[in-house]
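> This is the structure I want to talk about, given as structure tokens.
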Amino acid sequence: MHSVRARLDDFLADLANLHYRHGAGLSPELPVAALHASFPELSSAETFAAATEALEKARAKNEPLGVRRLQLLRELIAGQVEEGLAARDVEAVAKLEAHARMALDDQALSFGEALAQIPHEPNRGRRALLERAVGNFLWSEKGRYGARREAALQTAEQLGAQDYPTLREDVSGIALGKLVEAANETLRLTEDAYRDVLGYVLHKIDPTLRALPGGNARRHDLQAALQAPWMDSFFLREGLAPAVMRWLNDWNFPPTARGRIRIDDEPRPGKAHRPFVAAVHVPGEVRLVLQARGGMDALGDLLHECGHAQHLAHIAETLPVELRRLGDASVTEGFAALTERLLLSSEWLKRYLQLPTPVAKDAVRLAAFQALAVLRRHCAKLPYEMSLFTRGPSEERAEEYAAGQRRALFVEPHPGYFLFDVDPQLYSARYLRAWALEARLTARLRERFNEDFWRNPAAGEWLKGLFAKGGTDDAETLSTEISGTPLALPEAGARLVAILNH
């Protein structure tokens with residue numbers, strides 16, 4: 001354990017650098033296999049067994065801080081066993097996607113270009129061709145994508161677990177069965193409101209479109225509708241980043257966190273379409289990678305990643321490495337969702353984008369629908385991914401994936417996405433709990449600092465106090481601490497429905 005702790009920071013810094021270079025367009029390769037070979041103890045079943053033994057001893061001695069550190073370390077090791085097994089396939093997939101070309105009319109688009117263009121293509125026929133080209137490519141390469149997913153099953157076997165979901169429950173402490181029940185309840189409670197607004201947004205992009213069952217809408221139609229292209233003139237590319245940076249400064253969160261956040265906004269071929277954060281050193285070197293885009297969706301993505309970056313940059317540097325570097329991802333995703341949900345504040349939109357009141361109100365309702373669509377999609381993904389990682393990536397899973405997405409979204413998906421639209425290590429569970437935590441955080445901020453907490457410096461200082469704790473608390477503990485109540489996913493859905501019905 002001492003050896004693992006001594007080298008953990010270096011490993012995570014090197015891993016973040018690899019992902020930064022790949023996502024920033026600086027390297028088409030993602031050489032993770034060599035990195036895992038350089039840190040073999042982090043992906044070893046023997047190290048996992050040692051962490052398990054150390055955790056049992058810490059519990060017997062009633063050492064809460066020691067227990068928390070070992071829980072996080074043990075979860076990381078389980079994840080790295082899987083990543084080590086999958087490393088060659090991860091490299092192969094990255095190379096495959098970097099070099100693949102999608103033939104479309106007289107064009108040849110890269111995989112990333114085709115994927116990014118689907119939601120923004122206004123012509124439905126061309127949009128369908130793009131989706132078919134990407135979906136058929138993914139289906140033709142399902143063996144390679146499937147090999148990456150097989151690593152989860154191999155990990156469960158190597159670490160002596162009954163199955164993969166049982167392993168993830170053991171190392172994360174998340175009761176997955178209860179979360180699936182909450183997800184199904186959320187789908188039920190939000191269905192009517194979702195379908196009502198779905199009909200409206202589909203009609204906005206094409207009056208002939210109708211949702212399933214009975215209609216002809218496909219997932220690419222929903223993706224296009226979620227962009228709300230009729231609102232684009234109010235969310236211009238050149239105005240979004242300055243607006244967000246102005247808000248951060250107003251709230252006493254300098255965008256660079258006094259040098260701890262490095263913003264990479266340089267245009268570059270091969271750069272990821274969506275922004276992302278790479279935590280090279282925490283809290284001292286956090287890289288925020290941006291690609292200038294316009295639209296409501298782009299603003300939401302930017303706010304989300306700024307939330308991640310500010311959280312990481314304000315973690316106390318005096319914490320032990322596990323509490324600085326590791327933690328319940330639901331917590332950092334919860335903080336990112338908190339800033340992303342500023343799209344649900346008409347006053348924020350009026351103040352920082354100068355939107356007229358009627359436009360701001362429309363934008364809030366559309367943002368609530370966007371959030372609800374993502375929530376429902378993940379409510380369907382979690383049980384599917386648990387099945388995938390239990391039964392394996394056979395072709396039978398493709399229909400299971402499609403059935404779940406039809407049920408949640410009422411549009412027809414392409415079955416080729418069944419191994420691509422998957423979060424490793426059941427990360428869907430983290431997102432679901434994060435959205436439940438965000439509802440608790442927002443309610444507490446409003447109760448304590450009023451509706452416009454987002455410009456109250458005292459609210460910012462309160463948040464910085466939570467940020468500083470790093471991985472000390474999991475999402476359930478934090479929820480109870482700030483609200484006195486545990487997480488409740490259906491309540492997060494109900495909040496969005498209330499906005500849609502307002």
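Identifiers for the structure tokens are assigned positionally: chains receive A, B, ... in sequence, residues are indexed from 1 per chain, and ligands are indexed from 1 in the order shown.
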Show me a table, sorted first by chain and then by increasing residue number, of the residues of range 251-354 of chain A having an atom at most 9 Å from range 66-78 of chain A, each with its shortest atom pair and the distance in Å to one decimal, counting only C-alpha atoms and written as JSON lines.

{"residue": "A:Pro320", "atom": "CA", "partner": "A:Arg69", "partner_atom": "CA", "distance": 8.2}
{"residue": "A:Val321", "atom": "CA", "partner": "A:Arg69", "partner_atom": "CA", "distance": 8.7}
{"residue": "A:Glu322", "atom": "CA", "partner": "A:Arg69", "partner_atom": "CA", "distance": 5.8}
{"residue": "A:Leu323", "atom": "CA", "partner": "A:Arg69", "partner_atom": "CA", "distance": 6.8}
{"residue": "A:Leu326", "atom": "CA", "partner": "A:Leu72", "partner_atom": "CA", "distance": 6.3}
{"residue": "A:Gly327", "atom": "CA", "partner": "A:Leu72", "partner_atom": "CA", "distance": 6.2}
{"residue": "A:Asp328", "atom": "CA", "partner": "A:Leu72", "partner_atom": "CA", "distance": 8.1}
> Would you list the contacts of range 458-466 of chain A as a PyMOL selection string, taking every protein, DNA or RNA residue within 8 Å and counting only C-alpha atoms, but skipping same-chain residues closer than 3 positions in sequence?
chain A and resi 251-253+311+314+445+449+453-455+469-470
> Mind listing the alpha helix (DSSP H) residues of range 222-430 of chain A, per DSSP on the backbone, as a PyMOL selection string?
chain A and resi 222-226+237-250+296-313+321-325+329-340+346-353+357-391+396-409+427-430
> Write out, as CSV, each residue of range 218-265 of chain A that has an atom at most 12 Å from range 383-406 of chain A, together with the closest pair of atoms and their distance in Å to one decimal, counting only C-alpha atoms, rows going by chain and rising number.

residue,atom,partner,partner_atom,distance
A:Arg218,CA,A:Arg406,CA,9.4
A:Arg219,CA,A:Gln405,CA,9.0
A:Leu222,CA,A:Arg406,CA,11.7
> Write a file of the selected residues as a compact mmCIF listing (two decimals), in the first residue's frame, keeping C-alpha atoms.

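Generated file (selection15.txt):
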# COMPACT_ATOMS: atom_id res chain seq x y z
CA ARG A 218 -35.23 8.49 -34.90
CA ARG A 219 -32.55 9.27 -32.38
CA LEU A 222 -34.08 14.00 -31.13
> From the list A:Ala224, A:His99, A:Ala217, A:Met231, which residue is nearest Arg127 in chain A when using only C-alpha atoms?
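Using only C-alpha atoms, Arg127 in chain A sits closest to A:Ala224.
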> Would you give me, as a PyMOL selection string, the residues in range 1-237 of chain A that DSSP reads as strand (DSSP E or B)?
chain A and resi 101-104+107-110+218
> From the set A:Ala337, A:Ala313, A:Val422, A:Leu432, which residue has the shortest atom-to-atom contact distance to Phe467 in chain A, counting only C-alpha atoms?
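Ranking A:Ala337, A:Ala313, A:Val422, A:Leu432 by distance to Phe467 in chain A, first place goes to A:Ala313.
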> Which residue out of A:Thr155, A:Gln162, A:Ser479, A:Thr339 has the minimum interatomic distance to His304 in chain A when only C-alpha atoms are used?
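Of A:Thr155, A:Gln162, A:Ser479, A:Thr339, the one nearest His304 in chain A is A:Thr339, counting only C-alpha atoms.
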> Hey, which of A:Leu319, A:Ala193, A:Ala151, A:Ala278 ends up closest to Gly493 in chain A? Count only C-alpha atoms.
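Selected residue with least distance to Gly493 in chain A: A:Ala193.
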> For a quick check of understanding, using only C-alpha atoms, which of A:Val364, A:Ala100, A:Ile482, A:Leu179 has the smallest distance to Ala498 in chain A?
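Smallest distance to Ala498 in chain A is found for A:Val364.
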> Please identify all polymer residues within 8 Å of Arg430 in chain A, counting only C-alpha atoms, omitting same-chain residues fewer than 3 positions from it, and present them as a PyMOL selection string.
chain A and resi 328-330+333+426-427+433-434
> Write the selection just made, keeping C-alpha atoms, as a PDB file, in the first residue's frame?

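Result saved to out.pdb:
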ATOM      1  CA  ASP A 328     -16.986   9.428  -5.469  1.00  0.00           C
ATOM      2  CA  ALA A 329     -17.312  10.715  -9.035  1.00  0.00           C
ATOM      3  CA  SER A 330     -20.970  11.492  -8.264  1.00  0.00           C
ATOM      4  CA  GLU A 333     -20.316  15.389 -11.398  1.00  0.00           C
ATOM      5  CA  LEU A 426     -21.009   1.622 -14.684  1.00  0.00           C
ATOM      6  CA  TYR A 427     -20.364   5.363 -14.661  1.00  0.00           C
ATOM      7  CA  ARG A 433     -26.539  10.083  -8.276  1.00  0.00           C
ATOM      8  CA  ALA A 434     -24.875  13.344  -9.336  1.00  0.00           C
TER       9      ALA A 434
END
> Measuring atom to atom with only C-alpha atoms, identify which of A:Arg293, A:Arg325, A:Ala373, A:Gln117 is nearest to Arg5 in chain A.
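Looking at the shortest contact to Arg5 in chain A, the residue is A:Arg325.
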> Report, in Å with one decimal, the straight-line distance from CA of Phe276 in chain A to CA of Ser44 in chain A.
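We find that CA of Phe276 in chain A and CA of Ser44 in chain A lie 29.0 Å from each other.
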